[in-house]
file structure35.pdb (PDB, C-alpha atoms, pLDDT in the B column)
ATOM      1  CA  MET A   1       0.000   0.000   0.000  1.00 42.00           C
ATOM      2  CA  GLU A   2       1.437   3.355  -0.969  1.00 50.00           C
ATOM      3  CA  SER A   3       1.216   6.173   1.536  1.00 50.00           C
ATOM      4  CA  SER A   4       0.051   9.624   0.660  1.00 55.00           C
ATOM      5  CA  PRO A   5       1.174  12.819   2.419  1.00 61.00           C
ATOM      6  CA  ARG A   6      -2.503  13.802   2.717  1.00 62.00           C
ATOM      7  CA  VAL A   7      -3.755  10.536   4.245  1.00 57.00           C
ATOM      8  CA  ARG A   8      -2.543   9.252   7.592  1.00 60.00           C
ATOM      9  CA  ALA A   9      -3.794   6.448   9.770  1.00 60.00           C
ATOM     10  CA  GLY A  10      -3.997   6.550  13.521  1.00 71.00           C
ATOM     11  CA  GLY A  11      -5.965   5.282  16.458  1.00 70.00           C
ATOM     12  CA  GLY A  12      -8.353   6.971  18.808  1.00 69.00           C
ATOM     13  CA  PHE A  13     -10.006   6.349  22.125  1.00 66.00           C
ATOM     14  CA  ASP A  14     -13.018   8.033  23.696  1.00 66.00           C
ATOM     15  CA  ALA A  15     -12.596   6.942  27.310  1.00 67.00           C
ATOM     16  CA  GLU A  16     -15.202   7.806  29.898  1.00 62.00           C
ATOM     17  CA  ARG A  17     -15.141   6.979  33.590  1.00 58.00           C
ATOM     18  CA  PRO A  18     -17.809   4.479  34.677  1.00 54.00           C
ATOM     19  CA  ASP A  19     -19.037   6.741  37.493  1.00 55.00           C
ATOM     20  CA  LEU A  20     -20.437   8.968  34.742  1.00 52.00           C
ATOM     21  CA  LEU A  21     -22.164   6.264  32.676  1.00 51.00           C
ATOM     22  CA  ASP A  22     -22.367   2.602  33.642  1.00 53.00           C
ATOM     23  CA  GLN A  23     -21.796   1.352  30.114  1.00 50.00           C
ATOM     24  CA  TRP A  24     -18.233   2.698  29.939  1.00 54.00           C
ATOM     25  CA  SER A  25     -15.144   0.731  30.816  1.00 63.00           C
ATOM     26  CA  SER A  26     -13.245   0.887  34.059  1.00 71.00           C
ATOM     27  CA  PRO A  27      -9.994   2.879  34.236  1.00 71.00           C
ATOM     28  CA  VAL A  28      -8.075  -0.406  34.524  1.00 73.00           C
ATOM     29  CA  TYR A  29      -9.251  -1.598  31.100  1.00 71.00           C
ATOM     30  CA  SER A  30      -8.814   1.848  29.562  1.00 75.00           C
ATOM     31  CA  ILE A  31      -5.186   1.963  30.719  1.00 77.00           C
ATOM     32  CA  ILE A  32      -4.610  -1.550  29.328  1.00 76.00           C
ATOM     33  CA  TRP A  33      -6.122  -0.432  26.002  1.00 74.00           C
ATOM     34  CA  ALA A  34      -3.767   2.558  25.797  1.00 77.00           C
ATOM     35  CA  THR A  35      -0.743   0.459  26.811  1.00 78.00           C
ATOM     36  CA  ASP A  36      -1.539  -2.251  24.247  1.00 77.00           C
ATOM     37  CA  PHE A  37      -2.083   0.365  21.524  1.00 75.00           C
ATOM     38  CA  ASP A  38       1.405   1.682  22.241  1.00 74.00           C
ATOM     39  CA  ALA A  39       2.955  -1.783  22.215  1.00 74.00           C
ATOM     40  CA  GLU A  40       1.424  -2.656  18.837  1.00 74.00           C
ATOM     41  CA  ASN A  41       1.536   0.693  17.014  1.00 68.00           C
ATOM     42  CA  LEU A  42       4.791   2.497  17.641  1.00 69.00           C
ATOM     43  CA  THR A  43       4.453   4.666  14.532  1.00 76.00           C
ATOM     44  CA  LEU A  44       0.732   5.543  14.615  1.00 78.00           C
ATOM     45  CA  ARG A  45      -0.724   8.611  16.236  1.00 80.00           C
ATOM     46  CA  TYR A  46      -3.007   8.045  19.204  1.00 79.00           C
ATOM     47  CA  TYR A  47      -5.844  10.543  19.654  1.00 81.00           C
ATOM     48  CA  PHE A  48      -7.434  10.675  23.082  1.00 82.00           C
ATOM     49  CA  TYR A  49     -10.959  12.110  22.923  1.00 80.00           C
ATOM     50  CA  GLY A  50     -11.903  11.345  26.500  1.00 77.00           C
ATOM     51  CA  ASP A  51     -13.136  13.347  29.405  1.00 81.00           C
ATOM     52  CA  ALA A  52     -11.496  14.092  32.754  1.00 88.00           C
ATOM     53  CA  ASN A  53     -14.470  13.214  34.914  1.00 85.00           C
ATOM     54  CA  GLY A  54     -13.614  12.701  38.574  1.00 89.00           C
ATOM     55  CA  VAL A  55     -10.570  14.982  38.703  1.00 93.00           C
ATOM     56  CA  PRO A  56     -10.627  18.154  40.830  1.00 94.00           C
ATOM     57  CA  ARG A  57     -12.022  21.370  39.407  1.00 91.00           C
ATOM     58  CA  LEU A  58     -11.937  24.208  41.940  1.00 89.00           C
ATOM     59  CA  GLU A  59     -10.336  22.441  44.897  1.00 91.00           C
ATOM     60  CA  THR A  60      -6.915  23.553  46.049  1.00 90.00           C
ATOM     61  CA  LYS A  61      -4.227  20.891  45.735  1.00 91.00           C
ATOM     62  CA  ALA A  62      -4.191  20.420  49.526  1.00 92.00           C
ATOM     63  CA  ASP A  63      -7.892  19.497  49.334  1.00 94.00           C
ATOM     64  CA  TRP A  64      -7.616  16.936  46.528  1.00 94.00           C
ATOM     65  CA  THR A  65      -9.132  13.654  47.726  1.00 96.00           C
ATOM     66  CA  ASP A  66      -7.519  10.269  47.152  1.00 96.00           C
ATOM     67  CA  ALA A  67     -10.243   9.487  44.605  1.00 93.00           C
ATOM     68  CA  GLN A  68      -9.454  12.706  42.701  1.00 95.00           C
ATOM     69  CA  LYS A  69      -5.724  11.910  42.753  1.00 95.00           C
ATOM     70  CA  ASP A  70      -6.492   8.438  41.382  1.00 93.00           C
ATOM     71  CA  ALA A  71      -8.620  10.016  38.654  1.00 91.00           C
ATOM     72  CA  LEU A  72      -5.776  12.408  37.727  1.00 94.00           C
ATOM     73  CA  ARG A  73      -3.349   9.501  37.439  1.00 92.00           C
ATOM     74  CA  GLU A  74      -5.821   7.450  35.388  1.00 90.00           C
ATOM     75  CA  VAL A  75      -6.698  10.255  32.963  1.00 90.00           C
ATOM     76  CA  TYR A  76      -3.009  11.010  32.481  1.00 91.00           C
ATOM     77  CA  GLN A  77      -2.196   7.349  31.822  1.00 88.00           C
ATOM     78  CA  VAL A  78      -4.982   6.855  29.287  1.00 85.00           C
ATOM     79  CA  ALA A  79      -4.277  10.169  27.545  1.00 86.00           C
ATOM     80  CA  MET A  80      -0.493  10.032  27.508  1.00 86.00           C
ATOM     81  CA  THR A  81       0.734   6.401  27.644  1.00 81.00           C
ATOM     82  CA  PRO A  82       1.210   5.869  23.902  1.00 75.00           C
ATOM     83  CA  LEU A  83       4.413   7.314  22.499  1.00 78.00           C
ATOM     84  CA  LEU A  84       2.633   9.434  19.864  1.00 81.00           C
ATOM     85  CA  SER A  85      -0.203  10.786  22.036  1.00 83.00           C
ATOM     86  CA  TYR A  86      -2.384  13.638  20.871  1.00 82.00           C
ATOM     87  CA  PRO A  87      -4.899  14.650  23.564  1.00 86.00           C
ATOM     88  CA  VAL A  88      -8.081  16.260  22.255  1.00 86.00           C
ATOM     89  CA  PRO A  89     -10.058  16.895  25.467  1.00 88.00           C
ATOM     90  CA  GLN A  90     -13.821  17.081  25.497  1.00 88.00           C
ATOM     91  CA  ILE A  91     -14.738  20.644  26.475  1.00 90.00           C
ATOM     92  CA  TYR A  92     -18.513  20.546  26.193  1.00 88.00           C
ATOM     93  CA  HIS A  93     -18.933  22.886  29.199  1.00 91.00           C
ATOM     94  CA  TRP A  94     -16.390  25.364  30.601  1.00 92.00           C
ATOM     95  CA  PRO A  95     -15.825  23.497  33.918  1.00 93.00           C
ATOM     96  CA  TYR A  96     -14.266  20.710  31.817  1.00 93.00           C
ATOM     97  CA  ALA A  97     -11.401  23.111  31.020  1.00 93.00           C
ATOM     98  CA  GLN A  98     -10.802  23.444  34.770  1.00 93.00           C
ATOM     99  CA  GLU A  99     -10.521  19.657  35.038  1.00 94.00           C
ATOM    100  CA  TRP A 100      -7.934  19.555  32.249  1.00 93.00           C
ATOM    101  CA  TYR A 101      -6.014  22.365  33.952  1.00 92.00           C
ATOM    102  CA  ASN A 102      -5.568  20.046  36.926  1.00 94.00           C
ATOM    103  CA  VAL A 103      -4.615  17.089  34.698  1.00 94.00           C
ATOM    104  CA  ARG A 104      -1.873  19.246  33.169  1.00 92.00           C
ATOM    105  CA  ARG A 105      -0.903  20.494  36.631  1.00 93.00           C
ATOM    106  CA  TYR A 106      -0.636  16.908  37.922  1.00 94.00           C
ATOM    107  CA  ALA A 107       1.595  15.959  34.990  1.00 92.00           C
ATOM    108  CA  GLN A 108       3.799  19.013  35.445  1.00 91.00           C
ATOM    109  CA  GLU A 109       4.160  18.986  39.238  1.00 92.00           C
ATOM    110  CA  GLU A 110       4.085  15.265  40.013  1.00 93.00           C
ATOM    111  CA  LEU A 111       5.690  13.748  36.912  1.00 93.00           C
ATOM    112  CA  ASN A 112       7.656  16.664  35.447  1.00 91.00           C
ATOM    113  CA  GLU A 113       5.854  15.970  32.168  1.00 89.00           C
ATOM    114  CA  GLU A 114       4.199  18.333  29.739  1.00 86.00           C
ATOM    115  CA  ILE A 115       0.799  17.624  28.221  1.00 87.00           C
ATOM    116  CA  ARG A 116       0.512  19.405  24.908  1.00 84.00           C
ATOM    117  CA  ILE A 117      -3.137  19.849  24.041  1.00 85.00           C
ATOM    118  CA  PHE A 118      -3.574  19.017  20.360  1.00 81.00           C
ATOM    119  CA  GLY A 119      -7.019  20.571  20.192  1.00 82.00           C
ATOM    120  CA  ILE A 120     -10.439  20.260  21.766  1.00 85.00           C
ATOM    121  CA  MET A 121     -13.653  18.462  20.974  1.00 84.00           C
ATOM    122  CA  THR A 122     -17.109  19.909  21.495  1.00 84.00           C
ATOM    123  CA  SER A 123     -20.534  18.638  20.532  1.00 78.00           C
ATOM    124  CA  CYS A 124     -22.225  21.913  19.649  1.00 76.00           C
ATOM    125  CA  LEU A 125     -22.858  21.299  15.960  1.00 73.00           C
ATOM    126  CA  THR A 126     -24.640  18.035  16.680  1.00 73.00           C
ATOM    127  CA  LEU A 127     -27.163  19.766  18.966  1.00 77.00           C
ATOM    128  CA  PRO A 128     -30.318  21.742  18.083  1.00 79.00           C
ATOM    129  CA  ALA A 129     -29.734  25.487  17.682  1.00 78.00           C
ATOM    130  CA  SER A 130     -31.956  26.087  20.712  1.00 79.00           C
ATOM    131  CA  ILE A 131     -29.281  24.385  22.859  1.00 81.00           C
ATOM    132  CA  CYS A 132     -26.087  25.492  21.098  1.00 79.00           C
ATOM    133  CA  ASN A 133     -25.920  27.820  18.118  1.00 78.00           C
ATOM    134  CA  ALA A 134     -22.370  27.945  16.826  1.00 72.00           C
ATOM    135  CA  GLY A 135     -23.268  30.354  14.046  1.00 70.00           C
ATOM    136  CA  THR A 136     -24.790  33.172  16.078  1.00 80.00           C
ATOM    137  CA  ASP A 137     -23.817  32.745  19.749  1.00 83.00           C
ATOM    138  CA  THR A 138     -21.144  35.397  20.234  1.00 87.00           C
ATOM    139  CA  ARG A 139     -21.249  35.501  24.032  1.00 90.00           C
ATOM    140  CA  HIS A 140     -18.046  35.148  26.029  1.00 92.00           C
ATOM    141  CA  TRP A 141     -17.698  31.720  27.638  1.00 92.00           C
ATOM    142  CA  GLN A 142     -17.863  33.331  31.114  1.00 93.00           C
ATOM    143  CA  GLU A 143     -21.376  34.547  30.302  1.00 94.00           C
ATOM    144  CA  ARG A 144     -22.505  30.922  29.957  1.00 91.00           C
ATOM    145  CA  SER A 145     -23.793  28.771  32.816  1.00 91.00           C
ATOM    146  CA  PRO A 146     -21.522  25.859  33.837  1.00 92.00           C
ATOM    147  CA  GLY A 147     -23.917  23.337  32.252  1.00 90.00           C
ATOM    148  CA  ASP A 148     -24.391  25.202  28.949  1.00 91.00           C
ATOM    149  CA  PHE A 149     -22.927  23.613  25.839  1.00 89.00           C
ATOM    150  CA  LEU A 150     -20.188  25.819  24.404  1.00 89.00           C
ATOM    151  CA  THR A 151     -19.573  26.634  20.777  1.00 87.00           C
ATOM    152  CA  PRO A 152     -16.167  25.469  19.522  1.00 85.00           C
ATOM    153  CA  ASP A 153     -14.785  29.007  19.729  1.00 85.00           C
ATOM    154  CA  GLN A 154     -16.141  29.533  23.262  1.00 89.00           C
ATOM    155  CA  ALA A 155     -14.720  26.186  24.358  1.00 89.00           C
ATOM    156  CA  TRP A 156     -11.235  26.990  23.059  1.00 88.00           C
ATOM    157  CA  GLU A 157     -11.331  30.461  24.638  1.00 89.00           C
ATOM    158  CA  ALA A 158     -12.289  28.881  27.984  1.00 91.00           C
ATOM    159  CA  MET A 159      -9.505  26.303  27.694  1.00 90.00           C
ATOM    160  CA  TYR A 160      -6.903  28.858  26.638  1.00 88.00           C
ATOM    161  CA  GLN A 161      -7.813  31.483  29.242  1.00 89.00           C
ATOM    162  CA  ILE A 162      -8.150  29.056  32.161  1.00 91.00           C
ATOM    163  CA  HIS A 163      -4.872  27.320  31.302  1.00 88.00           C
ATOM    164  CA  ASN A 164      -2.943  30.567  30.853  1.00 86.00           C
ATOM    165  CA  ALA A 165      -4.350  32.356  33.916  1.00 85.00           C
ATOM    166  CA  PRO A 166      -1.909  33.544  36.601  1.00 82.00           C
ATOM    167  CA  ARG A 167      -3.754  31.507  39.250  1.00 84.00           C
ATOM    168  CA  SER A 168      -5.224  28.016  39.376  1.00 85.00           C
ATOM    169  CA  PRO A 169      -8.990  27.393  39.271  1.00 85.00           C
ATOM    170  CA  GLY A 170      -8.661  26.876  43.054  1.00 83.00           C
ATOM    171  CA  ASN A 171      -7.136  30.393  43.274  1.00 85.00           C
ATOM    172  CA  GLU A 172      -3.623  29.203  44.127  1.00 85.00           C
ATOM    173  CA  ASP A 173      -0.367  30.839  43.040  1.00 83.00           C
ATOM    174  CA  VAL A 174       0.375  28.218  40.409  1.00 76.00           C
ATOM    175  CA  THR A 175       1.242  28.959  36.825  1.00 69.00           C
ATOM    176  CA  LEU A 176       1.302  26.186  34.286  1.00 76.00           C
ATOM    177  CA  ARG A 177       3.598  26.304  31.347  1.00 78.00           C
ATOM    178  CA  PRO A 178       1.704  28.286  28.688  1.00 74.00           C
ATOM    179  CA  LEU A 179      -0.879  26.515  26.576  1.00 75.00           C
ATOM    180  CA  SER A 180      -0.229  27.225  22.921  1.00 70.00           C
ATOM    181  CA  ALA A 181      -2.728  27.668  20.125  1.00 64.00           C
ATOM    182  CA  PRO A 182      -4.433  24.446  19.057  1.00 59.00           C
ATOM    183  CA  GLU A 183      -3.612  22.533  15.940  1.00 55.00           C
ATOM    184  CA  ARG A 184      -7.219  21.382  15.729  1.00 52.00           C
ATOM    185  CA  ILE A 185     -10.553  22.411  17.163  1.00 53.00           C
ATOM    186  CA  ILE A 186     -13.018  19.646  16.502  1.00 53.00           C
ATOM    187  CA  ASP A 187     -16.781  19.655  16.748  1.00 48.00           C
ATOM    188  CA  MET A 188     -17.287  16.133  15.589  1.00 46.00           C
ATOM    189  CA  ILE A 189     -16.193  17.278  12.106  1.00 38.00           C
ATOM    190  CA  TYR A 190     -15.785  20.997  12.852  1.00 39.00           C
ATOM    191  CA  GLN A 191     -12.503  22.589  11.814  1.00 38.00           C
ATOM    192  CA  PRO A 192     -11.930  26.340  11.948  1.00 41.00           C
ATOM    193  CA  GLU A 193     -11.174  28.391   8.878  1.00 42.00           C
ATOM    194  CA  PHE A 194      -7.476  28.866   9.681  1.00 37.00           C
ATOM    195  CA  LEU A 195      -6.695  25.184   9.076  1.00 36.00           C
ATOM    196  CA  PRO A 196      -5.462  24.072   5.646  1.00 33.00           C
TER
END
call {"tool": "encode", "arguments": {"input": "structure35.pdb", "output": "structure tokens"}}
result
Amino acid sequence: MESSPRVRAGGGFDAERPDLLDQWSSPVYSIIWATDFDAENLTLRYYFYGDANGVPRLETKADWTDAQKDALREVYQVAMTPLLSYPVPQIYHWPYAQEWYNVRRYAQEELNEEIRIFGIMTSCLTLPASICNAGTDTRHWQERSPGDFLTPDQAWEAMYQIHNAPRSPGNEDVTLRPLSAPERIIDMIYQPEFLP
């Protein structure tokens, strides 16, 4: 089979924690899946489209529970185990960006690792316009309620601003390494105009 510079193969995984929905796999099996993907596919990209459910949002690090620390470790392992990992976090609502802040903070402070966010995934374009209108909703993400679905642009702004703020979501003096502009913003098939 000849390869083309415009076509690339890879693998992806949409991992969800079972405390959110019973039909999803346990973290143990999700970690095994990511580890086995890495063992079998050392040259393929691995896209992680999962959530960070169960990790701390607004809690200070001193108040993180053992369950939240376990969740941080598990999300990191599933997102970053394969050699060619490309995390694309689900940022359906702006509090999800706070969760990913703490996943990146865990990686940086506990493992001295950097998580480079490849892009984000939202679900706005798959929803009725009465719930999420990507074409006309120009509000700032901070004007939205925590449970409101964000447009792709609002979701990236929330992610970028929360991750580049001078203080943590728990209002601590912690500064992560800067989050750079995304390579992809995905709304199922959404890609912004600036991409080739």
call {"tool": "closest_residue", "arguments": {"input": "structure35.pdb", "among": "A:Thr151, A:Leu44, A:Cys124, A:Arg73", "to": "Thr138 of chain A", "atoms": "only C-alpha atoms"}}
result
A:Thr151
call {"tool": "resolve_selection", "arguments": {"input": "structure35.pdb", "expression": "the PyMOL selection byres ((chain A and resi 107) around 12)", "output": "CSV table (one decimal) with C-alpha atoms, keeping the file's coordinate frame"}}
result
chain,number,residue,atom,x,y,z
A,69,LYS,CA,-5.7,11.9,42.8
A,72,LEU,CA,-5.8,12.4,37.7
A,73,ARG,CA,-3.3,9.5,37.4
A,74,GLU,CA,-5.8,7.4,35.4
A,75,VAL,CA,-6.7,10.3,33.0
A,76,TYR,CA,-3.0,11.0,32.5
A,77,GLN,CA,-2.2,7.3,31.8
A,79,ALA,CA,-4.3,10.2,27.5
A,80,MET,CA,-0.5,10.0,27.5
A,100,TRP,CA,-7.9,19.6,32.2
A,101,TYR,CA,-6.0,22.4,34.0
A,102,ASN,CA,-5.6,20.0,36.9
A,103,VAL,CA,-4.6,17.1,34.7
A,104,ARG,CA,-1.9,19.2,33.2
A,105,ARG,CA,-0.9,20.5,36.6
A,106,TYR,CA,-0.6,16.9,37.9
A,108,GLN,CA,3.8,19.0,35.4
A,109,GLU,CA,4.2,19.0,39.2
A,110,GLU,CA,4.1,15.3,40.0
A,111,LEU,CA,5.7,13.7,36.9
A,112,ASN,CA,7.7,16.7,35.4
A,113,GLU,CA,5.9,16.0,32.2
A,114,GLU,CA,4.2,18.3,29.7
A,115,ILE,CA,0.8,17.6,28.2
A,116,ARG,CA,0.5,19.4,24.9
A,176,LEU,CA,1.3,26.2,34.3
A,177,ARG,CA,3.6,26.3,31.3
call {"tool": "atom_distance", "arguments": {"input": "structure35.pdb", "atom1": "atom CA of Ala52 of chain A", "atom2": "atom CA of Val78 of chain A"}}
result
10.3 Å
call {"tool": "atom_distance", "arguments": {"input": "structure35.pdb", "atom1": "atom CA of Tyr47 of chain A", "atom2": "atom CA of Thr122 of chain A"}}
result
14.8 Å
call {"tool": "resolve_selection", "arguments": {"input": "structure35.pdb", "expression": "the PyMOL selection byres ((chain A and resi 88-91) around 6)", "output": "list in words"}}
result
Phe48, Tyr49, Gly50, Asp51, Pro87, Tyr92, His93, Tyr96, Phe118, Gly119, Ile120, Met121, Thr122 and Ala155 of chain A
call {"tool": "resolve_selection", "arguments": {"input": "structure35.pdb", "expression": "the PyMOL selection byres ((chain A and resi 178) around 10)", "output": "list of chain:residue names"}}
result
A:Arg116, A:Tyr160, A:His163, A:Asn164, A:Ala165, A:Thr175, A:Leu176, A:Arg177, A:Leu179, A:Ser180, A:Ala181
call {"tool": "atom_distance", "arguments": {"input": "structure35.pdb", "atom1": "atom CA of Ala129 of chain A", "atom2": "atom CA of Arg57 of chain A"}}
result
28.3 Å
call {"tool": "residues_near_point", "arguments": {"input": "structure35.pdb", "point": "(-15.0, 29.2, 21.7)", "cutoff": "10 Å", "atoms": "only C-alpha atoms", "output": "PyMOL selection string"}}
result
chain A and resi 91+94+122+134+137-141+150-160+185
call {"tool": "closest_residue", "arguments": {"input": "structure35.pdb", "among": "A:Ala71, A:Ile117, A:Leu58, A:Leu127", "to": "Asn171 of chain A", "atoms": "all atoms listed in the file"}}
result
A:Leu58
call {"tool": "closest_residue", "arguments": {"input": "structure35.pdb", "among": "A:Pro95, A:Ser168, A:Ile162, A:Glu40", "to": "Arg144 of chain A", "atoms": "all atoms listed in the file"}}
result
A:Pro95
